[in-house]
$ cat data-v4.pdb   # PDB, C-alpha atoms, pLDDT in the B column
ATOM      1  CA  MET A1019     207.262 212.790 161.745  1.00 85.00           C
ATOM      2  CA  LEU A1020     206.385 212.271 158.101  1.00 90.00           C
ATOM      3  CA  ASN A1021     203.891 214.602 156.508  1.00 93.00           C
ATOM      4  CA  ASP A1022     200.234 213.550 156.471  1.00 94.00           C
ATOM      5  CA  MET A1023     200.181 213.102 152.709  1.00 95.00           C
ATOM      6  CA  VAL A1024     202.943 210.476 152.810  1.00 96.00           C
ATOM      7  CA  ILE A1025     201.314 208.672 155.745  1.00 97.00           C
ATOM      8  CA  ASN A1026     197.976 208.599 153.886  1.00 97.00           C
ATOM      9  CA  GLU A1027     199.693 207.211 150.788  1.00 97.00           C
ATOM     10  CA  ILE A1028     201.370 204.513 152.891  1.00 98.00           C
ATOM     11  CA  ILE A1029     198.004 203.626 154.434  1.00 98.00           C
ATOM     12  CA  ASP A1030     196.396 203.449 150.972  1.00 98.00           C
ATOM     13  CA  ASP A1031     199.259 201.283 149.684  1.00 98.00           C
ATOM     14  CA  LEU A1032     198.983 198.856 152.616  1.00 98.00           C
ATOM     15  CA  GLN A1033     195.204 198.498 152.847  1.00 97.00           C
ATOM     16  CA  GLY A1034     193.931 195.398 151.097  1.00 97.00           C
ATOM     17  CA  THR A1035     197.379 193.798 150.876  1.00 98.00           C
ATOM     18  CA  CYS A1036     199.497 191.486 152.973  1.00 97.00           C
ATOM     19  CA  GLU A1037     202.671 193.525 152.421  1.00 97.00           C
ATOM     20  CA  SER A1038     204.784 194.604 155.356  1.00 97.00           C
ATOM     21  CA  ILE A1039     205.203 198.256 156.236  1.00 97.00           C
ATOM     22  CA  GLY A1040     208.884 197.895 155.405  1.00 96.00           C
ATOM     23  CA  ASP A1041     208.069 196.689 151.872  1.00 96.00           C
ATOM     24  CA  VAL A1042     205.855 199.705 151.226  1.00 97.00           C
ATOM     25  CA  LEU A1043     208.355 202.147 152.704  1.00 97.00           C
ATOM     26  CA  VAL A1044     210.936 201.095 150.105  1.00 96.00           C
ATOM     27  CA  GLU A1045     208.720 202.706 147.459  1.00 95.00           C
ATOM     28  CA  TYR A1046     209.170 206.018 149.308  1.00 95.00           C
ATOM     29  CA  GLU A1047     212.894 205.474 149.892  1.00 96.00           C
ATOM     30  CA  LEU A1048     212.194 205.198 153.632  1.00 97.00           C
ATOM     31  CA  GLU A1049     213.004 202.673 156.350  1.00 96.00           C
ATOM     32  CA  LEU A1050     211.161 201.768 159.549  1.00 96.00           C
ATOM     33  CA  ASP A1051     213.578 203.960 161.512  1.00 96.00           C
ATOM     34  CA  ASP A1052     212.322 206.969 159.516  1.00 96.00           C
ATOM     35  CA  LEU A1053     208.887 206.654 161.135  1.00 97.00           C
ATOM     36  CA  ASP A1054     208.327 207.880 164.662  1.00 96.00           C
ATOM     37  CA  SER A1055     205.670 206.834 167.159  1.00 97.00           C
ATOM     38  CA  LYS A1056     203.187 209.404 165.809  1.00 97.00           C
ATOM     39  CA  ASP A1057     203.572 207.978 162.303  1.00 97.00           C
ATOM     40  CA  PHE A1058     202.864 204.450 163.536  1.00 97.00           C
ATOM     41  CA  GLU A1059     199.959 205.784 165.607  1.00 97.00           C
ATOM     42  CA  ALA A1060     198.465 207.445 162.507  1.00 97.00           C
ATOM     43  CA  ILE A1061     198.699 204.153 160.624  1.00 98.00           C
ATOM     44  CA  ASP A1062     197.171 202.238 163.552  1.00 96.00           C
ATOM     45  CA  ASP A1063     194.329 204.757 163.742  1.00 97.00           C
ATOM     46  CA  ALA A1064     193.376 204.028 160.121  1.00 97.00           C
ATOM     47  CA  ILE A1065     194.108 200.348 159.431  1.00 98.00           C
ATOM     48  CA  PHE A1066     195.134 197.137 161.163  1.00 98.00           C
ATOM     49  CA  ASN A1067     197.016 194.011 160.207  1.00 98.00           C
ATOM     50  CA  CYS A1068     194.951 190.885 160.861  1.00 98.00           C
ATOM     51  CA  ALA A1069     196.777 188.562 163.243  1.00 97.00           C
ATOM     52  CA  CYS A1070     195.226 185.582 161.466  1.00 98.00           C
ATOM     53  CA  CYS A1071     195.468 186.169 157.697  1.00 98.00           C
ATOM     54  CA  GLY A1072     198.068 188.955 157.631  1.00 97.00           C
ATOM     55  CA  TRP A1073     196.044 191.303 155.407  1.00 98.00           C
ATOM     56  CA  TRP A1074     195.612 195.020 156.145  1.00 98.00           C
ATOM     57  CA  TYR A1075     192.024 196.132 156.781  1.00 98.00           C
ATOM     58  CA  ASP A1076     190.098 199.267 157.637  1.00 97.00           C
ATOM     59  CA  LEU A1077     189.304 199.439 161.367  1.00 96.00           C
ATOM     60  CA  ALA A1078     185.614 198.940 160.567  1.00 96.00           C
ATOM     61  CA  GLU A1079     186.464 195.360 159.561  1.00 97.00           C
ATOM     62  CA  ILE A1080     187.953 194.339 162.909  1.00 97.00           C
ATOM     63  CA  SER A1081     186.128 191.567 164.746  1.00 97.00           C
ATOM     64  CA  THR A1082     184.490 192.697 167.959  1.00 96.00           C
ATOM     65  CA  ASP A1083     184.450 189.067 169.151  1.00 96.00           C
ATOM     66  CA  VAL A1084     188.233 188.945 169.667  1.00 96.00           C
ATOM     67  CA  GLU A1085     189.693 190.901 172.558  1.00 93.00           C
ATOM     68  CA  ASP A1086     193.392 190.012 172.674  1.00 93.00           C
ATOM     69  CA  GLU A1087     194.340 190.430 169.011  1.00 96.00           C
ATOM     70  CA  ASN A1088     193.385 192.435 165.951  1.00 97.00           C
ATOM     71  CA  VAL A1089     191.564 189.911 163.776  1.00 98.00           C
ATOM     72  CA  CYS A1090     189.358 190.670 160.787  1.00 98.00           C
ATOM     73  CA  ALA A1091     185.697 189.737 160.913  1.00 97.00           C
ATOM     74  CA  ARG A1092     186.142 187.544 157.816  1.00 97.00           C
ATOM     75  CA  CYS A1093     188.631 185.226 159.581  1.00 98.00           C
ATOM     76  CA  VAL A1094     186.252 184.834 162.512  1.00 97.00           C
ATOM     77  CA  GLU A1095     183.193 184.297 160.304  1.00 97.00           C
ATOM     78  CA  ASP A1096     185.000 181.760 158.086  1.00 96.00           C
ATOM     79  CA  GLY A1097     186.256 179.873 161.138  1.00 96.00           C
ATOM     80  CA  ASP A1098     189.916 180.503 160.309  1.00 97.00           C
ATOM     81  CA  TYR A1099     190.356 182.076 163.740  1.00 96.00           C
ATOM     82  CA  GLU A1100     188.822 180.304 166.693  1.00 89.00           C
ATOM     83  CA  ILE A1101     187.648 182.390 169.610  1.00 84.00           C
TER      84      ILE A1101
END
$ encode --input "data-v4.pdb" --output "structure tokens"
Amino acid sequence: MLNDMVINEIIDDLQGTCESIGDVLVEYELELDDLDSKDFEAIDDAIFNCACCGWWYDLAEISTDVEDENVCARCVEDGDYEI
């Protein structure tokens, strides 16, 4: 498990972007295999990747109208994602 400071930096680097986790990990000289399930869980507990637009958002921005996927409220409101 990575230390909390690195995980928080990764979360900060991802949020508000459409970068992949792998792209951000390169900045820390890490690969996906360096993260364990608790690391991914910590990321998932803080942010989500919208299944529609591909951007990373804070969990507060997830649409409550979509049950099967993590979709941001903006995609639903703008009609980019149909319910």
$ resolve_selection --input "data-v4.pdb" --expression "the PyMOL selection byres ((chain A and resi 1076) around 9)" --output "JSON, numbers by chain"
{"A": [1033, 1034, 1064, 1065, 1066, 1074, 1075, 1077, 1078, 1079, 1080]}
$ resolve_selection --input "data-v4.pdb" --expression "the PyMOL selection byres ((chain A and resi 1020-1024) around 9)" --output "PyMOL selection string"
chain A and resi 1019+1025-1029+1046+1052-1054+1056-1057+1060
$ write_last_selection --input "data-v4.pdb" --atoms "C-alpha atoms" --output "mmCIF file, keeping the file's coordinate frame"
data_model
loop_
_atom_site.group_PDB
_atom_site.id
_atom_site.type_symbol
_atom_site.label_atom_id
_atom_site.label_comp_id
_atom_site.auth_asym_id
_atom_site.auth_seq_id
_atom_site.Cartn_x
_atom_site.Cartn_y
_atom_site.Cartn_z
ATOM 1 C CA MET A 1019 207.262 212.790 161.745
ATOM 2 C CA ILE A 1025 201.314 208.672 155.745
ATOM 3 C CA ASN A 1026 197.976 208.599 153.886
ATOM 4 C CA GLU A 1027 199.693 207.211 150.788
ATOM 5 C CA ILE A 1028 201.370 204.513 152.891
ATOM 6 C CA ILE A 1029 198.004 203.626 154.434
ATOM 7 C CA TYR A 1046 209.170 206.018 149.308
ATOM 8 C CA ASP A 1052 212.322 206.969 159.516
ATOM 9 C CA LEU A 1053 208.887 206.654 161.135
ATOM 10 C CA ASP A 1054 208.327 207.880 164.662
ATOM 11 C CA LYS A 1056 203.187 209.404 165.809
ATOM 12 C CA ASP A 1057 203.572 207.978 162.303
ATOM 13 C CA ALA A 1060 198.465 207.445 162.507
#
$ resolve_selection --input "data-v4.pdb" --expression "the PyMOL selection byres ((chain A and resi 1072) around 10)" --output "number ranges by chain"
A: 1035-1038, 1066-1071, 1073-1075, 1089-1090
$ axis_aligned_box --input "data-v4.pdb" --around "segment 1055-1069 of chain A" --padding-each-side "8 Å" --output "lines of an AutoDock Vina configuration file"
center_x = 199.5
center_y = 199.0
center_z = 163.3
size_x = 28.3
size_y = 36.8
size_z = 23.7
$ atom_distance --input "data-v4.pdb" --atom1 "atom CA of Phe1058 of chain A" --atom2 "atom CA of Asp1086 of chain A"
19.5 Å
$ atom_distance --input "data-v4.pdb" --atom1 "atom CA of Arg1092 of chain A" --atom2 "atom CA of Ser1055 of chain A"
29.0 Å
$ atom_distance --input "data-v4.pdb" --atom1 "atom CA of Val1084 of chain A" --atom2 "atom CA of Leu1032 of chain A"
22.5 Å
$ closest_residue --input "data-v4.pdb" --among "A:Cys1093, A:Ile1101, A:Ile1039, A:Leu1048" --to "Asp1062 of chain A" --atoms "all atoms listed in the file"
A:Ile1039
$ build_atoms --input "data-v4.pdb" --residues "segment 1059-1092 of chain A" --atoms "N, CA and C atoms" --output "short mmCIF file (atom, residue, chain, number, x, y, z; two decimals), in the frame of the given file"
data_model
loop_
_atom_site.label_atom_id
_atom_site.label_comp_id
_atom_site.auth_asym_id
_atom_site.auth_seq_id
_atom_site.Cartn_x
_atom_site.Cartn_y
_atom_site.Cartn_z
N GLU A 1059 201.28 205.55 165.00
CA GLU A 1059 199.96 205.78 165.61
C GLU A 1059 198.95 206.18 164.53
N ALA A 1060 199.35 207.03 163.59
CA ALA A 1060 198.46 207.44 162.51
C ALA A 1060 198.07 206.25 161.65
N ILE A 1061 199.01 205.36 161.39
CA ILE A 1061 198.70 204.15 160.62
C ILE A 1061 197.74 203.27 161.41
N ASP A 1062 198.03 203.07 162.69
CA ASP A 1062 197.17 202.24 163.55
C ASP A 1062 195.77 202.82 163.72
N ASP A 1063 195.64 204.12 163.61
CA ASP A 1063 194.33 204.76 163.74
C ASP A 1063 193.49 204.60 162.48
N ALA A 1064 194.09 204.14 161.39
CA ALA A 1064 193.38 204.03 160.12
C ALA A 1064 193.17 202.58 159.68
N ILE A 1065 194.17 201.74 159.90
CA ILE A 1065 194.11 200.35 159.43
C ILE A 1065 194.74 199.43 160.47
N PHE A 1066 194.50 198.11 160.29
CA PHE A 1066 195.13 197.14 161.16
C PHE A 1066 195.55 195.93 160.34
N ASN A 1067 196.54 195.23 160.84
CA ASN A 1067 197.02 194.01 160.21
C ASN A 1067 196.41 192.83 160.95
N CYS A 1068 195.63 192.02 160.23
CA CYS A 1068 194.95 190.88 160.86
C CYS A 1068 195.98 189.88 161.36
N ALA A 1069 195.86 189.51 162.62
CA ALA A 1069 196.78 188.56 163.24
C ALA A 1069 196.60 187.15 162.70
N CYS A 1070 195.50 186.91 162.00
CA CYS A 1070 195.23 185.58 161.47
C CYS A 1070 195.68 185.46 160.01
N CYS A 1071 195.18 186.30 159.13
CA CYS A 1071 195.47 186.17 157.70
C CYS A 1071 196.60 187.07 157.21
N GLY A 1072 196.96 188.08 158.00
CA GLY A 1072 198.07 188.96 157.63
C GLY A 1072 197.73 190.08 156.67
N TRP A 1073 196.46 190.23 156.33
CA TRP A 1073 196.04 191.30 155.41
C TRP A 1073 195.75 192.56 156.20
N TRP A 1074 195.90 193.71 155.54
CA TRP A 1074 195.61 195.02 156.15
C TRP A 1074 194.17 195.39 155.85
N TYR A 1075 193.44 195.79 156.89
CA TYR A 1075 192.02 196.13 156.78
C TYR A 1075 191.73 197.48 157.43
N ASP A 1076 190.64 198.08 157.00
CA ASP A 1076 190.10 199.27 157.64
C ASP A 1076 189.62 198.86 159.03
N LEU A 1077 189.70 199.76 159.99
CA LEU A 1077 189.30 199.44 161.37
C LEU A 1077 187.86 198.97 161.48
N ALA A 1078 187.02 199.36 160.54
CA ALA A 1078 185.61 198.94 160.57
C ALA A 1078 185.48 197.43 160.36
N GLU A 1079 186.52 196.79 159.86
CA GLU A 1079 186.46 195.36 159.56
C GLU A 1079 187.07 194.49 160.66
N ILE A 1080 187.39 195.10 161.80
CA ILE A 1080 187.95 194.34 162.91
C ILE A 1080 186.84 193.58 163.63
N SER A 1081 187.12 192.37 164.04
CA SER A 1081 186.13 191.57 164.75
C SER A 1081 185.98 192.07 166.17
N THR A 1082 184.76 192.27 166.58
CA THR A 1082 184.49 192.70 167.96
C THR A 1082 184.43 191.50 168.91
N ASP A 1083 184.51 190.29 168.34
CA ASP A 1083 184.45 189.07 169.15
C ASP A 1083 185.80 188.66 169.73
N VAL A 1084 186.88 189.29 169.23
CA VAL A 1084 188.23 188.94 169.67
C VAL A 1084 188.79 190.12 170.46
N GLU A 1085 189.23 189.83 171.69
CA GLU A 1085 189.69 190.90 172.56
C GLU A 1085 191.21 191.06 172.58
N ASP A 1086 191.95 189.97 172.46
CA ASP A 1086 193.39 190.01 172.67
C ASP A 1086 194.20 190.35 171.43
N GLU A 1087 193.62 190.21 170.25
CA GLU A 1087 194.34 190.43 169.01
C GLU A 1087 193.46 191.17 168.02
N ASN A 1088 194.12 191.80 167.05
CA ASN A 1088 193.38 192.44 165.95
C ASN A 1088 193.17 191.39 164.87
N VAL A 1089 191.92 190.94 164.75
CA VAL A 1089 191.56 189.91 163.78
C VAL A 1089 190.39 190.43 162.96
N CYS A 1090 190.45 190.20 161.64
CA CYS A 1090 189.36 190.67 160.79
C CYS A 1090 188.11 189.82 160.99
N ALA A 1091 186.98 190.43 160.75
CA ALA A 1091 185.70 189.74 160.91
C ALA A 1091 185.61 188.54 159.98
N ARG A 1092 186.21 188.64 158.80
CA ARG A 1092 186.14 187.54 157.82
C ARG A 1092 186.80 186.28 158.37
#
